[in-house]
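K.L.:
Quick one: this structure, given as structure tokens, is what I'll be asking you about.
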Amino acid sequence: MIEWMLHLPGIIVVIPLVMAIIVALLPSRLGWLGAVIGSGLSFWAAIILALHMLEANAMTRISYFLGGWPPPWGIEFAVDHATALVILTITALGFLSTMSGNALIFKDIHDDDKGRFFAAWLLTLGGLLGLVMTADAFNLFVFFEISSLASVTLVAMGSGRDKRALVAAFNYLVIGAIGATFYVIGVGFCYAMTGTLNMVDMASRLPDVANPIPVYIGLAFMVSGVMVKAAIFPVHIWLPPSYGFAPMAVTSLLAAIATKASLYVLIRILMTIFGGIADIPLLIMQWVLMPLALMAILLGTILAIYEKDAKFMLAHSSVAQIGYIVLGFGVATLAGVQSGFIHIANHAMIKGGMFIGLGGLAMAVAGKTDFSNLAGLGRRMPLTSSGFLICGLSLIGVPLTAGFISKFYLVSAIISAGYWQIAAIVLLSSALSVIYLWRLVETLWFSPVTDVETRLPEQPMIYIPLWLLAGANIWLGIDAGLITGLAKMASITLFGGIS
Amino acid sequence: MTADNAIILGLVVPLAVAVLTPVFGSRPDIRDILGPLGGIVSFYAAMTVALAVLNGETPEWFILSISEGLNFSFKVTPLGAVFGLVASGLWIMAAIYSVGYMRGNNEANQTRFNAFYAIAVHAALAIAWSGNLLMLFIFYEVLTFSTYPLVIHKQTKDAMRAGRLYMGILVGTSLMLLLPAVIWVWIATGSLDFVPGGILAGKIDPSYVPWMLALFAFGVGKSALMPIHRWLPAAMVAPTPVSALLHAVAVVKAGVFTMLMVVVYIFGYDFLSLTGGSVWLIWLASFTILASSVIAIQKDDIKARLAYSTISQLSYIVLGAALANELAAKGAALHIVMHASAKITLFFCAGAIYVSAHLNKVSQLNGLGYRMPLIFIAFFLASLSIIGIPPLGGSWSKFLLMAGAADNAMIMVIIVLAVSSLMNVWYLLEPVIRGFYLSEKTPVDVAKLPLVVIPPVLTAILCIVLFFAPWPFLPLINMMVMP
């Protein structure tokens with residue numbers, strides 16, 4: 001590894017954070033440009049890192065000491081395969097939704113506010129990246145707060161269109177703060193018992209703790225705190241309103257990446273920090289996460305079927321999709337955790353694309369997203385709508401799309417582990433998800449149109465990122481080796497190198 | 001051209017047709033010639049592939065490796081070569097017919113129609129030549145999704161409702177039953193390849209075999225086994241070229257083809273008959289044969305009657321697979337060919353009657369035979385083939401199926417087949433008899449449209465030719481059962 005590449009873990013996180021400050025100081029019209037540059041550089045760095053990790057073996061762990069201070073005194077950033085996969089996903093989707101961001105803002109945000117808007121945008125991105133990168137349990141809390149506060153600000157900016165965005169943002173703030181507090185309380189317990197905040201140190205000392213009760217309490221607090229952030233049923237309630245009322249640009253960013261980072265943190269806590277303690281994390285995965293994931297899958301799917309607004313429909317679908325990821329983790333086998341990571345990457349591509357596409361379509365009808373307004377738009381905006389459709393087909397797991405790979409690996413993992421009934425529920429809900437997507441397809445393409453059908457103008461800055469994502473969905477649905485390979489290594493890493 | 005390249009040609013040409021169709025959307029003459037041309041090239045490719053298979057080669061197109069032991073690749077089995085020939089050969093006829101029908105009827109959105117039609121053919125060919133069970137599943141789904149815009153082509157309330165039923169049953173069953181079945185095979189054996197004699201023997205507890213077979217039988221909704229047959233009559237709202245090529249040939253045959261592939265190359269019929277895991281399917285298929293014949297008799301709408309007839313005939317093939325012996329498997333495979341050529345003729349005729357005389361009920365056909373003699377003679381010949389009367393192709397497959405049933409000493413199955421033939425006579429010959437022996441009630445105008453008359457005449461002749469020269473189908477089917 002070349003010398004400067006050793007700084008990559010730092011660079012990826014610091015660029016968006018520094019750009020956020022610069023963007024806030026620059027004139028507003030330069031805000032978007034700054035955000036594109038910041039997220040683009042970060043994405044580029046993540047690609048280099050991921051390519052390096054692809055060639056490295058499963059035990060490779062790049063660690064980076066902030067300011068040159070080694071742990072346990074300093075803060076450590078660490079990259080292994082799991083980190084690399086999630087970082088690549090977040091930066092890629094961050095970059096693409098930033099690309100479409102300016103166009104998607106539409107009339108939601110006043111021109112003079114764009115500088116501050118994109119500053120908050122970059123803070124969200126940087127915060128989430130730090131969350132994934134850090135190997136320090138308390139530092140993780142700091143990044144939680146950075147990303148939460150920034151994203152709450154972004155959600156609240158939807159108030160220009162609908163005042164209910166403020167309520168949604170407030171709920172998001174309060175519930176998110178409770179989650180973060182739970183997490184930090186848990187960290188406190190573990191710190192008290194081990195005297196370290198570095199995750200690896202903590203992991204090595206936890207099994208030797210004489211009295212395990214405070215450790216278990218700490219674990220419970222940490223897991224429930226992160227579950228709030230990851231929007232796992234039943235503490236997902238902040239998610240649908242936040243996504244639904246946020247400006248479309250914000251939804252496309254948050255839906256693609258916000259919960260993914262927290263899901264990564266969840267599996268990190270369970271398998272890395274507490275991996276040394278016999279059975280308890282495993283019990284949590286199988287008896288807490290798995291049932292909750294099933295509830296999330298069914299509830300999210302059913303609510304999505306009855307939803308009349310496409311944006312809320314996709315938000316409910318996100319709850320279900322998070323359920324699929326958690327279910328994969330809950331199986332707690334090598335294949336199960338692998339399928340969770342595969343779906344983290346694939347779902348980011350799917351939902352990012354769908355929200356960008358929906359935003360592009362909605363712009364033609366004054367930003368409204370309920371079904372009656374979207375009728376017939378498919379034929380009038382072919383580029384946007386066909387890209388949107390491809391991501392939608394991927395969402396329901398049609399073969400030749402990335403969503404199918406996710407489903408295939410998830411169901412295989414569940415069946416190999418012997419959970420027949422759970423496989424049946426997953427397949428049922430995936431068949432039900434066809435219903436809500438198909439309502440949208442019928443509305444967009446096959447509904448009778450009253451006025452004259454003319455082509456509507458389409459924004460290149462929307463359909464280019466959209467088609468990049470649609471293309472990725474197809475490419476990674478056929479040649480899935482990149483994602484499945486990295487996810488397999490990630491899973492092996494989390495299981496401590498046993499393959 | 002080598003057979004390996006022929007696979008690429010055969011698969012790429014329908015896709016190219018689909019892409020070029022919208023390009024020439026504003027020039028209907030060029031757009032409409034693409035389909036027949038594509039059909040000819042694809043058929044040539046399918047013939048090259050079939051000849052190579054007859055020579056003992058295994059044409060293959062490797063694209064990439066999904067994971068260890070699982071490739072994204074095409075690899076032609078003898079049975080696949082048969083289905084490839086049927087799908088591409090009849091596409092030529094259907095494409096010509098479709099031009100006449102769609103123009104004669106002044107249908108809207110012809111460009112969209114032609115494009116998805118070609119994609120559906122592509123999916124059918126990909127199913128025929130798929131190299132493993134996962135590839136087959138993938139293109140099975142592609143076929144479902146690509147035919148949806150064709151089913152709801154008219155975009156009326158009825159069509160949309162039919163479209164939902166179509167998607168609901170086909171996607172629902174394949175996701176909930178077929179996909180886990182495929183994954184089960186994958187987990188049990190670590191392979192999804194099509195191997196003569198099957199891959200499951202010794203890898204799975206025999207007591208699970210009926211369950212796994214049930215996942216396949218009900219997961220492959222396209223084979224329209226009762227009680228998951230409802231989508232097929234519903235899909236008849238589509239324009240007749242769709243009913244003819246897709247809902248008599250490509251889609252439904254893809255379903256029974258999948259069942260046959262699973263029985264012959266995944267279970268292995270020896271293993272299946274040894275475990276007795278398919279006995280229940282014999283009875284269900286027999287029930288479907290008789291029950292749908294009874295329904296067909298009551299239908300006055302010609303296309304609805306033909307749809308129930310198709311359901312009945314598809315169960316012949318499922319029955320052949322379930323009987324799980326060499327003769328029955330050969331009969332089932334041959335029935336794919338024979339039924340396809342006969343049923344597409346019947347649909348062509350029904351569509352021709354609709355587009356030239358605007359009649360769609362059996363009871364309206366009195367005396368029409370003398371106004372449209374070629375159509376009614378074609379209908380008559382195709383009916384005879386389905387009934388199984390020599391010298392028409394259908395008699396061979398029915399004969400082999402009965403021999404297969406006799407091989408298992410199942411008298412009841414032979415009786416079922418015989419009774420079903422009698423009912424075929426009843427509901428298929430009624431239109432012909434009305435056409436020639438009853439006098440016209442109210443005279444109707446009959447338009448002259450050669451493009452919808454020539455294809456059924458040709459396919460009716462094909463039914464006769466297939467009796468005297470079932471080449472290359474018979475040698476290919478013999479290869480299928482060779483170990």
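Order determines the names: the first chain of the structure tokens is A, the second B, and so forth; residues in each chain are numbered 1 upward, and ligands are numbered 1 upward as they are shown.
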What lies within 7 Å of Glu76 in chain A using only C-alpha atoms, ignoring chain neighbours under 2 positions off, as a ChimeraX atom specification?

P.N.:
/A:63-66,71,74,78,134-136

K.L.:
Enumerate, in order of chain and increasing residue number, the residues of chain A with an atom no farther than 6 Å from chain B, each with its shortest atom pair and distance in Å to one decimal, counting only C-alpha atoms, as a Markdown table.

P.N.:
```
| residue | atom | partner | partner_atom | distance |
| --- | --- | --- | --- | --- |
| A:Pro399 | CA | B:Ile138 | CA | 5.0 |
| A:Leu427 | CA | B:Met176 | CA | 5.1 |
| A:Ala431 | CA | B:Gly172 | CA | 5.4 |
```

K.L.:
Name all residues at most 12 Å from Ile12 in chain A (count only C-alpha atoms; drop same-chain ones fewer than 4 positions away) and give them as a ChimeraX atom specification.

P.N.:
/A:5-8,16-19,38-50,64,77,79,84,87-88,90-92,125-134

K.L.:
Write out as a ChimeraX atom specification which residues come within 10 Å of Lys448 in chain B when counting only C-alpha atoms, dropping same-chain ones fewer than 5 positions away.

P.N.:
/B:104,352,355-357,372,453

K.L.:
Emit the selected residues as a CSV table (one decimal), in the first residue's frame, including N, CA and C atoms.

P.N.:
```csv
chain,number,residue,atom,x,y,z
B,104,GLY,N,-55.8,-5.0,-39.5
B,104,GLY,CA,-57.2,-5.2,-39.8
B,104,GLY,C,-58.1,-4.7,-38.7
B,352,ALA,N,-59.0,-14.9,-37.0
B,352,ALA,CA,-59.4,-14.5,-38.4
B,352,ALA,C,-60.9,-14.3,-38.5
B,355,VAL,N,-61.6,-10.9,-36.9
B,355,VAL,CA,-61.2,-9.7,-37.6
B,355,VAL,C,-61.9,-9.5,-38.9
B,356,SER,N,-62.3,-10.6,-39.6
B,356,SER,CA,-63.0,-10.5,-40.8
B,356,SER,C,-64.5,-10.4,-40.7
B,357,ALA,N,-65.1,-11.1,-39.7
B,357,ALA,CA,-66.5,-11.1,-39.6
B,357,ALA,C,-67.0,-10.5,-38.3
B,372,MET,N,-65.9,-18.6,-45.4
B,372,MET,CA,-64.4,-18.6,-45.1
B,372,MET,C,-64.0,-20.0,-45.1
B,453,VAL,N,-55.2,-15.3,-43.2
B,453,VAL,CA,-55.7,-16.6,-43.7
B,453,VAL,C,-54.5,-17.5,-44.0
```

K.L.:
Skipping near chain neighbours, those fewer than 5 positions away, what residues fall within 9 Å of Val419 in chain B using only C-alpha atoms, listed as a list in words?

P.N.:
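The neighbour list is Leu290, Ile414 and Asn424 of chain B.
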
K.L.:
Can you pull out the residues contacting Ala307 in chain B? Cut-off 12 Å, using only C-alpha atoms, and skip same-chain residues under 6 positions away; I want them as a ChimeraX atom specification.

P.N.:
/B:224,229-237,240,243-244,246-249,252,292-293,295-297,299-301,313-314,343-344,346-347,350,427-428

K.L.:
Write the residues of the preceding selection, restricted to N, CA and C atoms, as a compact mmCIF listing (two decimals), in the first residue's frame.

P.N.:
```txt
# COMPACT_ATOMS: atom_id res chain seq x y z
N ALA B 224 -50.57 -24.10 -15.89
CA ALA B 224 -52.02 -23.99 -15.75
C ALA B 224 -52.69 -25.24 -15.18
N HIS B 229 -55.19 -22.26 -12.69
CA HIS B 229 -55.33 -22.11 -14.14
C HIS B 229 -56.03 -20.82 -14.52
N ARG B 230 -56.57 -20.08 -13.54
CA ARG B 230 -57.49 -18.99 -13.84
C ARG B 230 -56.87 -17.89 -14.70
N TRP B 231 -55.55 -17.74 -14.61
CA TRP B 231 -54.92 -16.66 -15.37
C TRP B 231 -55.05 -16.86 -16.88
N LEU B 232 -55.13 -18.12 -17.30
CA LEU B 232 -55.12 -18.36 -18.75
C LEU B 232 -56.40 -17.89 -19.44
N PRO B 233 -57.60 -18.29 -18.94
CA PRO B 233 -58.81 -17.72 -19.55
C PRO B 233 -58.83 -16.19 -19.42
N ALA B 234 -58.33 -15.68 -18.29
CA ALA B 234 -58.34 -14.22 -18.11
C ALA B 234 -57.47 -13.55 -19.17
N ALA B 235 -56.36 -14.20 -19.51
CA ALA B 235 -55.43 -13.58 -20.46
C ALA B 235 -55.99 -13.52 -21.87
N MET B 236 -57.17 -14.10 -22.08
CA MET B 236 -57.75 -14.10 -23.42
C MET B 236 -58.27 -12.72 -23.83
N VAL B 237 -58.26 -11.75 -22.91
CA VAL B 237 -58.65 -10.39 -23.32
C VAL B 237 -57.61 -9.80 -24.26
N THR B 240 -55.74 -11.47 -30.35
CA THR B 240 -55.57 -12.89 -30.68
C THR B 240 -54.13 -13.31 -31.00
N SER B 243 -52.82 -14.47 -27.80
CA SER B 243 -53.39 -15.75 -27.38
C SER B 243 -52.80 -16.88 -28.21
N ALA B 244 -52.57 -16.62 -29.50
CA ALA B 244 -52.11 -17.68 -30.39
C ALA B 244 -50.67 -18.07 -30.07
N LEU B 246 -48.51 -16.78 -27.64
CA LEU B 246 -48.03 -16.82 -26.27
C LEU B 246 -48.88 -17.75 -25.42
N HIS B 247 -50.20 -17.64 -25.52
CA HIS B 247 -51.01 -18.43 -24.61
C HIS B 247 -51.46 -19.75 -25.21
N ALA B 248 -50.89 -20.10 -26.37
CA ALA B 248 -51.04 -21.47 -26.84
C ALA B 248 -49.66 -22.10 -27.05
N VAL B 249 -48.63 -21.25 -27.23
CA VAL B 249 -47.31 -21.81 -27.51
C VAL B 249 -46.28 -21.34 -26.46
N VAL B 252 -47.39 -20.93 -22.20
CA VAL B 252 -47.85 -22.16 -21.57
C VAL B 252 -46.88 -23.31 -21.81
N SER B 292 -61.48 -29.39 -17.12
CA SER B 292 -61.43 -28.24 -18.03
C SER B 292 -62.11 -28.58 -19.35
N SER B 293 -62.16 -29.86 -19.73
CA SER B 293 -62.92 -30.21 -20.93
C SER B 293 -64.40 -29.94 -20.71
N ILE B 295 -65.68 -27.74 -18.72
CA ILE B 295 -65.90 -26.29 -18.78
C ILE B 295 -65.87 -25.82 -20.23
N ALA B 296 -64.92 -26.36 -21.01
CA ALA B 296 -64.78 -25.90 -22.39
C ALA B 296 -66.07 -26.13 -23.17
N ILE B 297 -66.73 -27.24 -22.90
CA ILE B 297 -67.97 -27.54 -23.62
C ILE B 297 -69.01 -26.45 -23.40
N LYS B 299 -68.51 -23.27 -22.83
CA LYS B 299 -68.15 -21.91 -23.22
C LYS B 299 -68.64 -21.63 -24.64
N ASP B 300 -69.29 -20.49 -24.81
CA ASP B 300 -69.75 -20.11 -26.13
C ASP B 300 -68.73 -19.21 -26.83
N ASP B 301 -67.96 -18.49 -26.03
CA ASP B 301 -66.91 -17.64 -26.59
C ASP B 301 -65.80 -18.53 -27.15
N GLN B 313 -55.14 -29.69 -22.45
CA GLN B 313 -54.04 -30.28 -23.20
C GLN B 313 -52.70 -30.13 -22.48
N LEU B 314 -52.55 -29.02 -21.75
CA LEU B 314 -51.31 -28.84 -20.99
C LEU B 314 -51.17 -29.93 -19.95
N LYS B 343 -52.85 -25.95 -31.79
CA LYS B 343 -53.59 -24.92 -31.06
C LYS B 343 -53.35 -23.53 -31.63
N ILE B 344 -52.14 -23.29 -32.14
CA ILE B 344 -51.91 -21.98 -32.73
C ILE B 344 -52.80 -21.82 -33.97
N LEU B 346 -55.80 -23.14 -34.34
CA LEU B 346 -57.16 -22.85 -33.86
C LEU B 346 -57.29 -21.38 -33.48
N PHE B 347 -56.28 -20.85 -32.76
CA PHE B 347 -56.37 -19.45 -32.38
C PHE B 347 -56.29 -18.53 -33.59
N ALA B 350 -59.71 -18.50 -34.97
CA ALA B 350 -60.64 -17.71 -34.15
C ALA B 350 -60.41 -16.22 -34.39
N TYR B 427 -66.40 -30.46 -28.27
CA TYR B 427 -66.31 -29.00 -28.23
C TYR B 427 -65.47 -28.41 -29.35
N LEU B 428 -64.63 -29.21 -29.99
CA LEU B 428 -63.84 -28.63 -31.08
C LEU B 428 -64.52 -28.75 -32.44
```

K.L.:
CA of Thr2 in chain B to CA of Ser191 in chain B: how many Å, to one decimal?

P.N.:
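That distance, rounded to one decimal, is 27.9 Å.
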
K.L.:
Check the smallest atom-to-atom distance from each of A:Pro382, A:Gly179, A:Gly94, A:Gly158 to His110 in chain A using only C-alpha atoms, then report the winner.

P.N.:
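Looking at the shortest contact to His110 in chain A, the residue is A:Gly158.
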
K.L.:
Could you name the residues that touch Leu93 in chain A at 8 Å or less, counting only C-alpha atoms, but leaving out those on the same chain fewer than 6 positions away, as a PyMOL selection string?

P.N.:
chain A and resi 253+256-257+348-349+352

K.L.:
Can you write just those residues out, C-alpha atoms, as a PDB file, in the first residue's frame?

P.N.:
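Generated output (out-v5.pdb):
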```
ATOM      1  CA  LEU A 253     -30.300  10.966   0.245  1.00  0.00           C
ATOM      2  CA  ALA A 256     -30.398   5.499   0.388  1.00  0.00           C
ATOM      3  CA  ILE A 257     -27.839   5.881   3.136  1.00  0.00           C
ATOM      4  CA  ALA A 348     -29.311   1.611  -1.272  1.00  0.00           C
ATOM      5  CA  MET A 349     -29.100   1.475  -5.059  1.00  0.00           C
ATOM      6  CA  GLY A 352     -31.868   5.865  -4.015  1.00  0.00           C
TER       7      GLY A 352
END
```

K.L.:
Produce a table with one row for each residue of range 296-406 of chain A that has an atom at most 10 Å from any atom of range 222-239 of chain A, each row naming the nearest atom pair and its distance in Å at one decimal; use only C-alpha atoms; arrange rows by chain and rising residue number; format as a Markdown table.

P.N.:
```
| residue | atom | partner | partner_atom | distance |
| --- | --- | --- | --- | --- |
| A:Ala296 | CA | A:Phe233 | CA | 5.2 |
| A:Ile297 | CA | A:Phe233 | CA | 8.9 |
| A:Leu299 | CA | A:Phe233 | CA | 8.8 |
| A:Gly300 | CA | A:Phe233 | CA | 9.1 |
| A:Phe312 | CA | A:Leu239 | CA | 9.8 |
| A:Ala315 | CA | A:Leu239 | CA | 7.2 |
| A:His316 | CA | A:Leu239 | CA | 8.2 |
| A:Ser318 | CA | A:Leu239 | CA | 8.7 |
| A:Val319 | CA | A:Ala231 | CA | 7.0 |
| A:Ala320 | CA | A:Phe233 | CA | 9.0 |
| A:Ile322 | CA | A:Ile232 | CA | 7.0 |
| A:Gly323 | CA | A:Ile232 | CA | 6.9 |
| A:Val326 | CA | A:Ile232 | CA | 8.0 |
```

K.L.:
Deliver the residues from the most recent selection as a file, using N, CA and C atoms, as a PDB file, in the first residue's frame.

P.N.:
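Output contents, as saved in result25.pdb:
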```
ATOM      1  N   ALA A 296     -41.504  -6.201  10.825  1.00  0.00           N
ATOM      2  CA  ALA A 296     -41.240  -5.036   9.972  1.00  0.00           C
ATOM      3  C   ALA A 296     -41.560  -5.351   8.522  1.00  0.00           C
ATOM      4  N   ILE A 297     -41.166  -6.547   8.097  1.00  0.00           N
ATOM      5  CA  ILE A 297     -41.385  -6.923   6.697  1.00  0.00           C
ATOM      6  C   ILE A 297     -42.876  -6.940   6.379  1.00  0.00           C
ATOM      7  N   LEU A 299     -45.467  -5.670   8.197  1.00  0.00           N
ATOM      8  CA  LEU A 299     -46.157  -4.399   8.430  1.00  0.00           C
ATOM      9  C   LEU A 299     -45.818  -3.383   7.346  1.00  0.00           C
ATOM     10  N   GLY A 300     -44.542  -3.249   7.043  1.00  0.00           N
ATOM     11  CA  GLY A 300     -44.129  -2.271   6.036  1.00  0.00           C
ATOM     12  C   GLY A 300     -44.773  -2.568   4.696  1.00  0.00           C
ATOM     13  N   PHE A 312     -44.849   8.194   0.396  1.00  0.00           N
ATOM     14  CA  PHE A 312     -45.051   7.473   1.655  1.00  0.00           C
ATOM     15  C   PHE A 312     -45.020   5.970   1.410  1.00  0.00           C
ATOM     16  N   ALA A 315     -41.616   4.955   1.476  1.00  0.00           N
ATOM     17  CA  ALA A 315     -41.080   5.042   2.839  1.00  0.00           C
ATOM     18  C   ALA A 315     -41.479   3.811   3.642  1.00  0.00           C
ATOM     19  N   HIS A 316     -42.742   3.409   3.531  1.00  0.00           N
ATOM     20  CA  HIS A 316     -43.166   2.183   4.227  1.00  0.00           C
ATOM     21  C   HIS A 316     -42.394   0.979   3.696  1.00  0.00           C
ATOM     22  N   SER A 318     -39.459   1.012   2.682  1.00  0.00           N
ATOM     23  CA  SER A 318     -38.129   1.034   3.288  1.00  0.00           C
ATOM     24  C   SER A 318     -38.121   0.304   4.628  1.00  0.00           C
ATOM     25  N   VAL A 319     -39.181   0.494   5.410  1.00  0.00           N
ATOM     26  CA  VAL A 319     -39.262  -0.206   6.697  1.00  0.00           C
ATOM     27  C   VAL A 319     -39.179  -1.713   6.456  1.00  0.00           C
ATOM     28  N   ALA A 320     -39.915  -2.189   5.451  1.00  0.00           N
ATOM     29  CA  ALA A 320     -39.891  -3.621   5.146  1.00  0.00           C
ATOM     30  C   ALA A 320     -38.513  -4.058   4.669  1.00  0.00           C
ATOM     31  N   ILE A 322     -35.613  -2.696   5.313  1.00  0.00           N
ATOM     32  CA  ILE A 322     -34.694  -2.755   6.451  1.00  0.00           C
ATOM     33  C   ILE A 322     -34.907  -4.069   7.184  1.00  0.00           C
ATOM     34  N   GLY A 323     -36.182  -4.493   7.237  1.00  0.00           N
ATOM     35  CA  GLY A 323     -36.490  -5.782   7.846  1.00  0.00           C
ATOM     36  C   GLY A 323     -35.748  -6.923   7.172  1.00  0.00           C
ATOM     37  N   VAL A 326     -32.131  -6.834   8.360  1.00  0.00           N
ATOM     38  CA  VAL A 326     -32.001  -7.293   9.742  1.00  0.00           C
ATOM     39  C   VAL A 326     -32.265  -8.796   9.832  1.00  0.00           C
TER      40      VAL A 326
END
```

K.L.:
Nearest to Asn366 in chain B among B:Gln110, B:Asn5, B:Thr442, B:Ser130, with distances taken over only C-alpha atoms: which residue is it?

P.N.:
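Nearest candidate to Asn366 in chain B out of B:Gln110, B:Asn5, B:Thr442, B:Ser130: B:Thr442.
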
K.L.:
CA of Pro431 in chain B to CA of Pro241 in chain B: how many Å, to one decimal?

P.N.:
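Spanning CA of Pro431 in chain B to CA of Pro241 in chain B is a straight-line distance of 20.0 Å.
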
K.L.:
For Ser207 in chain B, which of B:Thr459, B:Ser397, B:Thr144, B:Thr275 is the closest residue, counting only C-alpha atoms?

P.N.:
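Of B:Thr459, B:Ser397, B:Thr144, B:Thr275, the one nearest Ser207 in chain B, counting only C-alpha atoms, is B:Thr275.
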
K.L.:
Using Å and a single decimal, report how far CA of Asn71 in chain B sits from CA of Glu55 in chain A.

P.N.:
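Separation between CA of Glu55 in chain A and CA of Asn71 in chain B: 22.6 Å.
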